[in-house]
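For reference, work_25.txt is printed below; it contains compact mmCIF, C-alpha atoms and all ligand atoms.
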```
# COMPACT_ATOMS: atom_id res chain seq x y z
CA MET A 12 23.02 15.56 -88.14
CA SER A 13 26.63 15.25 -87.11
CA ARG A 14 27.18 12.05 -85.19
CA SER A 15 29.35 13.94 -82.72
CA ARG A 16 26.46 15.95 -81.21
CA PRO A 17 26.45 15.95 -77.41
CA TRP A 18 24.20 13.33 -75.91
CA GLY A 19 22.77 12.41 -72.52
CA LEU A 20 22.12 9.13 -70.82
CA TYR A 21 19.14 8.42 -68.53
CA VAL A 22 18.99 5.41 -66.19
CA HIS A 23 15.58 4.52 -64.79
CA LEU A 24 15.61 3.08 -61.26
CA PRO A 25 11.96 2.23 -60.62
CA TRP A 26 11.96 1.20 -56.96
CA CYS A 27 9.79 3.23 -54.54
CA ARG A 28 8.70 2.70 -50.96
CA TYR A 29 5.09 3.27 -51.96
CA ARG A 30 3.25 4.72 -54.92
CA CYS A 31 2.25 8.36 -54.45
CA PRO A 32 -1.38 9.05 -55.38
CA TYR A 33 -0.51 11.44 -58.21
CA CYS A 34 2.32 9.40 -59.76
CA ALA A 35 2.01 7.96 -63.26
CA PHE A 36 5.68 7.00 -63.69
CA VAL A 37 6.88 3.44 -64.18
CA VAL A 38 7.51 2.51 -60.55
CA ASP A 39 7.51 -0.65 -58.47
CA ALA A 40 6.84 -0.58 -54.73
CA ARG A 41 7.70 -4.18 -53.84
CA LYS A 42 9.40 -4.73 -50.49
CA ASP A 43 12.51 -6.51 -51.73
CA PRO A 44 13.46 -5.23 -55.17
CA PRO A 45 15.71 -7.50 -57.29
CA HIS A 46 18.51 -4.91 -57.26
CA GLU A 47 21.22 -7.21 -58.52
CA ALA A 48 19.23 -8.64 -61.43
CA TYR A 49 18.10 -5.15 -62.42
CA GLN A 50 21.63 -3.78 -62.30
CA ASP A 51 22.77 -6.67 -64.52
CA ALA A 52 19.95 -5.94 -66.98
CA LEU A 53 20.89 -2.24 -67.12
CA LEU A 54 24.53 -3.11 -67.84
CA ARG A 55 23.41 -5.60 -70.49
CA GLU A 56 21.28 -2.95 -72.16
CA TRP A 57 24.13 -0.43 -72.00
CA HIS A 58 26.51 -2.80 -73.77
CA LEU A 59 23.83 -3.56 -76.37
CA ARG A 60 23.28 0.14 -77.18
CA ARG A 61 26.85 1.39 -76.76
CA PRO A 62 27.81 1.00 -80.45
CA LEU A 63 24.94 3.28 -81.53
CA PHE A 64 26.36 6.35 -79.79
CA VAL A 65 29.63 8.05 -80.68
CA GLY A 66 31.88 9.20 -77.84
CA SER A 67 30.77 9.56 -74.23
CA PRO A 68 27.71 11.27 -72.74
CA ASP A 69 28.07 14.76 -71.27
CA SER A 70 25.28 14.01 -68.81
CA LEU A 71 24.12 10.98 -66.88
CA TYR A 72 20.85 11.07 -64.97
CA PHE A 73 19.63 8.48 -62.46
CA GLY A 74 15.88 9.03 -62.24
CA GLY A 75 12.95 7.03 -61.06
CA GLY A 76 11.25 5.79 -59.17
CA THR A 77 13.37 6.60 -56.18
CA PRO A 78 17.07 6.20 -57.00
CA SER A 79 17.92 6.74 -53.32
CA ARG A 80 16.43 3.24 -52.75
CA SER A 81 19.04 1.59 -55.01
CA PRO A 82 22.34 0.26 -53.66
CA LEU A 83 25.55 2.21 -54.17
CA SER A 84 26.89 -0.60 -56.38
CA THR A 85 24.25 0.23 -59.02
CA PHE A 86 25.56 3.80 -59.39
CA ASP A 87 29.18 2.78 -59.13
CA SER A 88 29.01 -0.05 -61.66
CA LEU A 89 27.05 2.02 -64.21
CA ILE A 90 29.29 5.07 -63.92
CA GLN A 91 32.33 2.82 -64.30
CA ALA A 92 30.85 1.07 -67.34
CA ILE A 93 29.50 4.21 -69.03
CA GLN A 94 32.55 6.42 -68.47
CA PRO A 95 30.86 9.82 -69.00
CA LEU A 96 32.98 12.66 -70.37
CA PRO A 97 35.32 14.32 -67.84
CA GLY A 98 33.33 17.06 -66.12
CA ALA A 99 29.99 15.51 -67.13
CA GLU A 100 26.92 16.35 -65.07
CA ILE A 101 25.87 13.23 -63.12
CA THR A 102 22.52 13.64 -61.38
CA ALA A 103 20.71 11.36 -58.96
CA GLU A 104 17.18 11.87 -57.69
CA ALA A 105 16.48 11.30 -54.01
CA ASN A 106 13.54 11.35 -51.66
CA PRO A 107 14.34 13.54 -48.64
CA GLU A 108 13.42 10.74 -46.23
CA ASP A 109 16.27 8.58 -47.61
CA VAL A 110 18.98 11.23 -47.49
CA THR A 111 21.61 10.64 -44.82
CA SER A 112 25.09 12.13 -44.53
CA GLN A 113 26.43 8.69 -45.45
CA LEU A 114 24.36 8.51 -48.64
CA LEU A 115 25.54 11.96 -49.73
CA ALA A 116 29.18 11.10 -49.02
CA ASP A 117 28.85 7.79 -50.92
CA TRP A 118 27.19 9.41 -53.92
CA LYS A 119 29.85 12.10 -54.05
CA ARG A 120 32.58 9.48 -53.88
CA VAL A 121 31.25 7.51 -56.87
CA GLY A 122 31.08 10.68 -58.99
CA ILE A 123 27.56 12.09 -58.65
CA THR A 124 27.74 15.87 -59.10
CA ARG A 125 24.11 16.98 -58.85
CA ILE A 126 21.23 15.99 -56.56
CA SER A 127 17.55 16.40 -57.36
CA LEU A 128 15.40 16.21 -54.22
CA GLY A 129 11.72 15.26 -54.47
CA VAL A 130 10.59 17.71 -51.80
CA GLN A 131 7.09 18.44 -53.26
CA SER A 132 6.21 20.49 -50.14
CA PHE A 133 8.11 21.81 -47.13
CA PHE A 134 4.96 21.61 -45.02
CA PRO A 135 3.87 18.24 -43.58
CA GLU A 136 0.16 19.07 -43.72
CA ILE A 137 0.40 19.80 -47.47
CA GLY A 138 2.82 16.91 -48.05
CA ALA A 139 0.46 14.49 -46.30
CA ARG A 140 -2.37 15.49 -48.63
CA LEU A 141 -0.08 14.60 -51.54
CA GLY A 142 0.59 11.24 -49.92
CA ARG A 143 4.16 12.17 -49.01
CA ARG A 144 4.37 10.53 -45.66
CA ARG A 145 7.66 11.65 -44.16
CA GLY A 146 9.57 13.63 -46.73
CA SER A 147 8.05 17.03 -45.98
CA ARG A 148 8.89 16.76 -42.27
CA VAL A 149 12.60 16.45 -42.97
CA ALA A 150 12.81 18.42 -46.24
CA ARG A 151 14.29 21.68 -44.92
CA GLU A 152 17.04 19.98 -42.99
CA VAL A 153 17.85 17.64 -45.91
CA VAL A 154 18.06 20.50 -48.41
CA GLU A 155 20.43 22.36 -46.08
CA ARG A 156 22.55 19.25 -45.55
CA THR A 157 22.72 18.52 -49.28
CA LEU A 158 23.71 22.09 -50.11
CA ASP A 159 26.44 21.93 -47.46
CA VAL A 160 28.09 18.85 -48.99
CA GLY A 161 29.28 20.84 -51.99
CA PHE A 162 27.68 19.15 -54.99
CA ARG A 163 27.99 21.15 -58.17
CA SER A 164 24.26 21.79 -58.11
CA VAL A 165 21.13 20.89 -56.16
CA SER A 166 17.57 20.96 -57.41
CA ILE A 167 14.25 20.56 -55.64
CA ASP A 168 10.84 19.55 -57.02
CA LEU A 169 7.74 21.33 -55.70
CA ILE A 170 4.09 20.64 -56.52
CA PHE A 171 1.54 23.43 -56.59
CA GLY A 172 -2.24 23.47 -56.83
CA GLY A 173 -2.70 20.33 -54.70
CA PRO A 174 -5.42 19.58 -52.16
CA GLY A 175 -5.74 22.23 -49.45
CA GLN A 176 -2.99 24.48 -50.79
CA THR A 177 -4.01 28.13 -50.56
CA GLU A 178 -2.21 31.07 -52.15
CA VAL A 179 -0.75 31.84 -48.72
CA ALA A 180 0.56 28.28 -48.37
CA TRP A 181 2.17 28.47 -51.82
CA GLU A 182 3.81 31.75 -50.94
CA ALA A 183 5.26 30.05 -47.86
CA GLU A 184 6.84 27.34 -50.07
CA LEU A 185 8.47 30.01 -52.23
CA LEU A 186 9.79 31.78 -49.14
CA GLU A 187 11.47 28.53 -48.13
CA VAL A 188 13.15 28.34 -51.54
CA GLU A 189 14.46 31.85 -50.98
CA ARG A 190 15.59 31.18 -47.42
CA LEU A 191 17.46 28.02 -48.44
CA ALA A 192 19.00 29.65 -51.55
CA VAL A 193 18.33 26.60 -53.71
CA PRO A 194 19.94 27.11 -57.15
CA HIS A 195 17.50 25.02 -59.25
CA VAL A 196 13.76 24.46 -58.85
CA SER A 197 11.32 22.31 -60.82
CA LEU A 198 7.66 23.26 -60.34
CA TYR A 199 4.81 20.94 -61.25
CA GLY A 200 1.14 21.84 -61.16
CA LEU A 201 -0.81 18.88 -59.81
CA THR A 202 -2.58 16.92 -62.53
CA GLN A 203 -4.90 13.95 -62.20
CA GLU A 204 -3.32 11.35 -64.46
CA GLU A 205 -5.22 8.35 -65.65
CA GLY A 206 -4.44 5.21 -63.67
CA THR A 207 -3.37 7.08 -60.51
CA ALA A 208 -5.24 7.23 -57.20
CA PHE A 209 -5.88 10.95 -57.72
CA GLY A 210 -7.04 10.26 -61.26
CA ARG A 211 -9.62 7.82 -59.92
CA LEU A 212 -10.96 10.47 -57.52
CA GLY A 213 -12.04 12.62 -60.45
CA GLU A 214 -14.09 15.65 -59.41
CA CYS A 215 -13.99 14.58 -55.76
CA LEU A 216 -10.37 15.71 -55.45
CA GLU A 217 -10.18 19.23 -54.13
CA ARG A 218 -7.43 20.94 -56.13
CA ALA A 219 -6.76 24.42 -57.47
CA GLU A 220 -9.21 25.52 -60.15
CA ASP A 221 -7.75 27.06 -63.32
CA ASP A 222 -7.59 30.68 -62.10
CA ARG A 223 -5.82 29.81 -58.84
CA TRP A 224 -3.48 27.35 -60.61
CA ARG A 225 -2.55 30.08 -63.06
CA TRP A 226 -1.99 32.61 -60.27
CA MET A 227 0.30 30.17 -58.45
CA TYR A 228 2.39 29.56 -61.56
CA ASP A 229 2.70 33.24 -62.52
CA HIS A 230 3.43 34.22 -58.93
CA ALA A 231 6.20 31.63 -58.71
CA VAL A 232 7.77 32.88 -61.95
CA GLN A 233 7.93 36.41 -60.52
CA ARG A 234 9.08 35.43 -57.03
CA LEU A 235 11.83 33.18 -58.36
CA ALA A 236 13.00 35.76 -60.90
CA ALA A 237 13.30 38.27 -58.06
CA GLN A 238 15.75 35.82 -56.44
CA GLY A 239 17.79 35.46 -59.64
CA ILE A 240 16.22 32.08 -60.46
CA HIS A 241 15.04 32.32 -64.05
CA ARG A 242 12.72 30.16 -66.08
CA TYR A 243 14.54 28.26 -68.80
CA GLU A 244 11.78 25.73 -69.49
CA VAL A 245 8.07 25.67 -68.65
CA SER A 246 8.62 23.88 -65.32
CA ASN A 247 12.32 24.52 -64.68
CA PHE A 248 14.03 27.50 -63.08
CA ALA A 249 17.69 28.06 -62.31
CA ARG A 250 20.33 30.52 -61.29
CA ALA A 251 22.75 31.21 -64.15
CA GLY A 252 25.03 28.22 -64.62
CA HIS A 253 22.72 25.80 -62.77
CA GLU A 254 20.50 24.83 -65.72
CA SER A 255 20.38 21.05 -66.02
CA VAL A 256 22.66 19.88 -68.84
CA HIS A 257 20.81 16.59 -69.00
CA ASN A 258 17.25 17.88 -69.11
CA GLN A 259 18.17 20.31 -71.85
CA HIS A 260 18.89 17.36 -74.12
CA TYR A 261 15.19 16.49 -73.86
CA TRP A 262 14.17 19.94 -75.10
CA SER A 263 16.59 19.98 -78.03
CA PRO A 264 17.13 17.75 -81.05
CA ASP A 265 20.16 16.15 -79.34
CA PRO A 266 20.10 12.37 -79.05
CA TRP A 267 19.76 10.69 -75.70
CA LEU A 268 19.71 7.16 -74.50
CA GLY A 269 17.37 5.82 -71.83
CA LEU A 270 18.22 2.59 -70.06
CA GLY A 271 15.81 0.64 -67.91
CA VAL A 272 12.21 -0.38 -67.64
CA GLY A 273 9.85 1.97 -69.50
CA ALA A 274 12.74 4.25 -70.55
CA HIS A 275 12.51 6.34 -73.73
CA SER A 276 15.36 7.28 -76.08
CA TRP A 277 16.09 9.35 -79.16
CA TRP A 278 18.80 7.51 -81.02
CA PRO A 279 21.35 9.34 -83.20
CA ASP A 280 19.58 7.98 -86.32
CA HIS A 281 16.46 9.88 -85.07
CA GLN A 282 14.50 6.85 -84.03
CA ARG A 283 12.22 7.39 -81.06
CA ILE A 284 12.48 4.33 -78.86
CA LYS A 285 10.35 3.12 -75.97
CA ASN A 286 11.32 0.23 -73.72
CA ARG A 287 8.84 -2.25 -72.38
CA ALA A 288 7.39 -1.13 -69.06
CA ASP A 289 6.94 -4.43 -67.20
CA ILE A 290 9.78 -5.28 -64.87
CA GLY A 291 9.62 -9.05 -65.42
CA GLY A 292 9.73 -8.60 -69.18
CA TYR A 293 12.56 -6.06 -68.97
CA LEU A 294 14.66 -8.39 -66.84
CA GLU A 295 14.15 -11.33 -69.19
CA ALA A 296 14.30 -9.64 -72.60
CA ALA A 297 17.34 -10.05 -74.85
CA ASP A 298 16.38 -6.59 -76.19
CA PRO A 299 13.76 -4.60 -74.20
CA ILE A 300 12.50 -2.35 -77.03
CA GLU A 301 8.73 -2.17 -77.28
CA GLU A 302 8.29 0.59 -79.89
CA ALA A 303 10.58 2.21 -82.48
CA GLU A 304 9.45 5.07 -84.69
CA PRO A 305 11.30 7.27 -87.18
CA ALA A 306 11.44 11.06 -86.64
CA ASP A 307 8.88 11.76 -89.37
CA HIS A 308 6.33 9.49 -87.70
CA PRO A 309 3.41 11.57 -86.33
CA LEU A 310 4.20 10.63 -82.73
CA ALA A 311 7.83 11.58 -83.15
CA ALA A 312 6.91 14.84 -84.88
CA TRP A 313 4.63 15.64 -81.94
CA ASP A 314 7.30 14.76 -79.38
CA TYR A 315 9.89 17.00 -81.04
CA LEU A 316 7.46 19.90 -81.30
CA TRP A 317 6.09 19.62 -77.77
CA SER A 318 9.48 19.19 -76.11
CA MET A 319 11.41 21.88 -78.02
CA LEU A 320 8.65 24.44 -77.56
CA ARG A 321 8.92 24.10 -73.77
CA HIS A 322 12.48 25.46 -73.68
CA ARG A 323 13.17 29.20 -73.73
CA ASP A 324 15.13 28.77 -76.99
CA GLY A 325 12.00 27.41 -78.66
CA ILE A 326 11.90 25.49 -81.92
CA ASP A 327 14.57 25.81 -84.59
CA ARG A 328 12.31 25.79 -87.68
CA ALA A 329 14.94 24.55 -90.13
CA ARG A 330 16.04 21.77 -87.81
CA TYR A 331 12.43 20.71 -87.22
CA GLN A 332 11.84 20.51 -90.95
CA GLU A 333 15.07 18.61 -91.47
CA LEU A 334 14.04 16.05 -88.84
CA THR A 335 10.37 15.63 -89.68
CA GLY A 336 9.94 16.92 -93.23
CA LEU A 337 7.31 19.36 -91.92
CA ALA A 338 7.29 23.16 -92.20
CA LEU A 339 5.82 24.86 -89.11
CA LYS A 340 3.32 27.67 -89.60
CA VAL A 341 2.01 29.67 -86.64
CA PRO A 342 -1.77 30.15 -86.85
CA ALA A 343 -2.95 33.74 -86.25
CA SER A 344 -4.92 32.51 -83.23
CA LEU A 345 -1.62 31.73 -81.44
CA ALA A 346 -0.08 35.17 -81.90
CA ASP A 347 -0.65 36.09 -78.23
CA PHE A 348 1.18 32.97 -77.09
CA LEU A 349 4.02 32.56 -79.57
CA GLU A 350 6.61 34.86 -81.07
CA GLU A 351 8.21 33.87 -84.35
CA SER A 352 11.15 34.83 -86.49
CA PRO A 353 12.30 33.21 -89.73
CA GLU A 354 14.60 31.01 -87.60
CA ARG A 355 12.65 30.16 -84.44
CA ILE A 356 9.28 29.88 -82.73
CA ARG A 357 9.21 30.64 -79.02
CA LEU A 358 6.66 30.86 -76.22
CA ARG A 359 5.70 34.33 -75.06
CA ASP A 360 5.17 34.83 -71.32
CA ALA A 361 1.43 34.24 -71.82
CA GLY A 362 2.20 30.98 -73.61
CA TYR A 363 4.16 29.26 -70.82
CA PRO A 364 1.25 28.43 -68.48
CA VAL A 365 -0.69 26.95 -71.41
CA ALA A 366 2.28 25.47 -73.27
CA ASP A 367 0.68 22.06 -73.82
CA ALA A 368 -2.44 23.54 -75.39
CA VAL A 369 -0.34 25.87 -77.55
CA ALA A 370 1.83 22.97 -78.73
CA ARG A 371 -1.29 20.98 -79.60
CA ARG A 372 -2.71 23.85 -81.72
CA LEU A 373 0.61 24.32 -83.48
CA TYR A 374 0.80 20.60 -84.20
CA ASP A 375 -2.80 20.48 -85.43
CA ALA A 376 -1.93 23.26 -87.91
CA LEU A 377 0.67 21.03 -89.59
CA PRO A 378 -0.26 19.39 -92.88
CA SER A 379 -1.86 16.05 -92.15
CA MET A 380 0.61 13.24 -92.06
CA LYS A 381 0.17 9.74 -93.23
CA ARG A 382 1.15 7.27 -90.56
CA ARG A 383 4.21 5.44 -91.80
CA SER A 384 5.30 2.02 -90.77
CA PRO A 385 8.07 2.20 -88.21
CA LEU A 386 11.48 1.70 -89.77
CA PRO A 387 13.26 -1.50 -88.91
CA VAL A 388 15.01 -1.14 -85.58
CA MET A 389 18.69 -0.32 -85.98
CA THR A 390 20.76 -2.96 -84.27
CA PRO A 391 24.33 -2.65 -83.06
CA PRO A 392 26.90 -4.01 -85.52
S1 LIG B 401 8.42 8.67 -54.90
FE1 LIG B 401 8.37 9.71 -56.91
S2 LIG B 401 8.48 8.09 -58.44
FE2 LIG B 401 7.97 7.10 -56.47
S3 LIG B 401 5.75 6.95 -56.48
FE3 LIG B 401 6.26 8.89 -55.46
S4 LIG B 401 6.27 10.46 -57.10
FE4 LIG B 401 6.32 8.43 -58.09
```

Mind turning the file's structure into structure tokens?
Amino acid sequence: MSRSRPWGLYVHLPWCRYRCPYCAFVVDARKDPPHEAYQDALLREWHLRRPLFVGSPDSLYFGGGTPSRSPLSTFDSLIQAIQPLPGAEITAEANPEDVTSQLLADWKRVGITRISLGVQSFFPEIGARLGRRRGSRVAREVVERTLDVGFRSVSIDLIFGGPGQTEVAWEAELLEVERLAVPHVSLYGLTQEEGTAFGRLGECLERAEDDRWRWMYDHAVQRLAAQGIHRYEVSNFARAGHESVHNQHYWSPDPWLGLGVGAHSWWPDHQRIKNRADIGGYLEAADPIEEAEPADHPLAAWDYLWSMLRHRDGIDRARYQELTGLALKVPASLADFLEESPERIRLRDAGYPVADAVARRLYDALPSMKRRSPLPVMTPP
């Protein structure tokens, strides 16, 4: 791979007001986060990794957690230190309840170009069942205010299939998207992840059964397409020109660097890196890496397959083989879900709602791989 490939940089800001019952991310809901120490640790990690990446990133993404809980100095100091390419996409995630006119003006001033709002639902009764205490009450007004400020793009997250959400209620969410003319939407079907409050409820949680979940997804695809908002990844939909530059690095073989507690990276030498996920350890560590695996490690081969398949461009077969040493073969049983050419394998419409299961079958059809020892971690010169 050419070392001049475009690359993205992710910064994890883990602080949240509270932990939502469905959330399995690395978050910390303490009252007084150690913002300054964490900012110093992020800058330390950046300087440690800098020599591994050629040139500057074309995207910078502040995700979380709830980045809108971090002080302006964190964004400012990181943007100054990282120096993304001129015209780079710089995204910050925000919870609607934190978004004030002042915050938007400050973020614009330090160079943020794109806002991703964790709306989840525009309706307080649905939001409350997702444990979103205030955000849904103010979501409409915040989306309008954010769109008015003139960022290059604005995205919203919505959750479907949650407790108490009927087909009619989901249709109402999609009507709000249309009314507000949001240019980018990320849709997530509610799942019950292990270790979350919803996960612990098991069967007791009333959520959409498979048929209704599927209807909600397919209906959203059609309703958004009718508004000119097209699916470019399983969960992501955009008007032309509003596709996220940063997120598309995740669904391609491009390298990306993740800074912060629990962050993942794909280094330019194709190592798959995972940082330690405990805040205390991250703050103290001289180097916060917890795992490092080469691209032909089974976990890395799975990650590449799963992530590239999600994007509308699908998997570049030659590139996949170059990275992992494995030749992909589509089993006949997946013909309804995948289309293939000598160059690429892509999801068909019927494959998108079941993309994870399709990826798993495709992966299972690969020749068995011997687990290799992780390569020694590449260290900066
Ligand atoms: S605000 Fe977002 S990151 Fe924080 S707990 Fe809720 S879903 Fe997770």

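Here CA of Leu270 (chain A) stands at a distance of 24.8 Å from CA of Thr335 (chain A).
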
Padding 8 Å on every side, please: axis-aligned box over the listed atoms of region 335-346 of chain A, centre and edge lengths to one decimal in Å, as lines of an AutoDock Vina configuration file.
```
center_x = 2.7
center_y = 25.4
center_z = -87.3
size_x = 31.3
size_y = 35.5
size_z = 27.8
```

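CA of Phe248 (chain A) is positioned 8.6 Å from CA of Ala236 (chain A).
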
Checklist entry - Looking at A:Arg190, A:Arg41, A:Arg16, A:Arg211, which one is nearest to ligand LIG 401 (chain B), with distances taken over all atoms listed in the file? => result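 Checking each of A:Arg190, A:Arg41, A:Arg16, A:Arg211 against ligand LIG 401 (chain B), counting all atoms listed in the file, the winner is A:Arg41.
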
Checklist entry - Using only C-alpha atoms, which residue out of A:Leu128, A:Cys27, A:Leu141, A:Ala231 lies closest to Val245 (chain A)? => result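 Comparing A:Leu128, A:Cys27, A:Leu141, A:Ala231 against Val245 (chain A), the winner is A:Ala231.
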
Checklist entry - Near Trp317 (chain A), counting only C-alpha atoms, which residues have an atom at most 9 Å away, once you skip same-chain residues fewer than 4 positions from it, shown as a PyMOL selection string? => result chain A and resi 262+312-313+321+366-367+369-371+374

Checklist entry - Would you name the residues within 10 Å of ligand LIG 401 (chain B), counting all atoms listed in the file, and put them as an NGL selection string? => result :A and (24-40 or 74-80 or 104-107 or 128-131 or 141-143 or 146 or 207)

Atoms to include: C-alpha atoms. Write the selected residues as a CSV table (one decimal), keeping the file's coordinate frame.
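Just written: selection-v5.csv:
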```csv
chain,number,residue,atom,x,y,z
A,24,LEU,CA,15.6,3.1,-61.3
A,25,PRO,CA,12.0,2.2,-60.6
A,26,TRP,CA,12.0,1.2,-57.0
A,27,CYS,CA,9.8,3.2,-54.5
A,28,ARG,CA,8.7,2.7,-51.0
A,29,TYR,CA,5.1,3.3,-52.0
A,30,ARG,CA,3.2,4.7,-54.9
A,31,CYS,CA,2.2,8.4,-54.4
A,32,PRO,CA,-1.4,9.0,-55.4
A,33,TYR,CA,-0.5,11.4,-58.2
A,34,CYS,CA,2.3,9.4,-59.8
A,35,ALA,CA,2.0,8.0,-63.3
A,36,PHE,CA,5.7,7.0,-63.7
A,37,VAL,CA,6.9,3.4,-64.2
A,38,VAL,CA,7.5,2.5,-60.6
A,39,ASP,CA,7.5,-0.6,-58.5
A,40,ALA,CA,6.8,-0.6,-54.7
A,74,GLY,CA,15.9,9.0,-62.2
A,75,GLY,CA,13.0,7.0,-61.1
A,76,GLY,CA,11.2,5.8,-59.2
A,77,THR,CA,13.4,6.6,-56.2
A,78,PRO,CA,17.1,6.2,-57.0
A,79,SER,CA,17.9,6.7,-53.3
A,80,ARG,CA,16.4,3.2,-52.8
A,104,GLU,CA,17.2,11.9,-57.7
A,105,ALA,CA,16.5,11.3,-54.0
A,106,ASN,CA,13.5,11.4,-51.7
A,107,PRO,CA,14.3,13.5,-48.6
A,128,LEU,CA,15.4,16.2,-54.2
A,129,GLY,CA,11.7,15.3,-54.5
A,130,VAL,CA,10.6,17.7,-51.8
A,131,GLN,CA,7.1,18.4,-53.3
A,141,LEU,CA,-0.1,14.6,-51.5
A,142,GLY,CA,0.6,11.2,-49.9
A,143,ARG,CA,4.2,12.2,-49.0
A,146,GLY,CA,9.6,13.6,-46.7
A,207,THR,CA,-3.4,7.1,-60.5
```

Please write a file for region 234-260 of chain A, taken from the block I just shared, that holds C-alpha atoms and is laid out as a tab-separated table (two decimals), in the first residue's frame.
```tsv
chain	number	residue	atom	x	y	z
A	234	ARG	CA	-38.68	7.31	2.87
A	235	LEU	CA	-35.17	8.76	2.99
A	236	ALA	CA	-34.46	7.92	-0.64
A	237	ALA	CA	-37.65	9.77	-1.59
A	238	GLN	CA	-36.11	12.85	0.09
A	239	GLY	CA	-32.83	12.46	-1.81
A	240	ILE	CA	-31.06	10.94	1.20
A	241	HIS	CA	-29.41	7.76	-0.04
A	242	ARG	CA	-27.92	4.82	1.79
A	243	TYR	CA	-24.16	4.66	1.43
A	244	GLU	CA	-23.54	2.25	4.30
A	245	VAL	CA	-25.83	-0.12	6.21
A	246	SER	CA	-26.70	2.50	8.85
A	247	ASN	CA	-25.72	5.74	7.10
A	248	PHE	CA	-27.70	7.88	4.69
A	249	ALA	CA	-26.79	11.18	3.07
A	250	ARG	CA	-27.64	13.72	0.45
A	251	ALA	CA	-25.01	13.78	-2.31
A	252	GLY	CA	-21.86	15.44	-1.03
A	253	HIS	CA	-22.76	14.96	2.65
A	254	GLU	CA	-21.32	11.44	3.09
A	255	SER	CA	-18.97	11.40	6.06
A	256	VAL	CA	-15.35	11.49	4.88
A	257	HIS	CA	-14.20	10.16	8.21
A	258	ASN	CA	-16.58	7.24	8.57
A	259	GLN	CA	-15.77	6.09	5.07
A	260	HIS	CA	-12.21	5.42	6.20
```
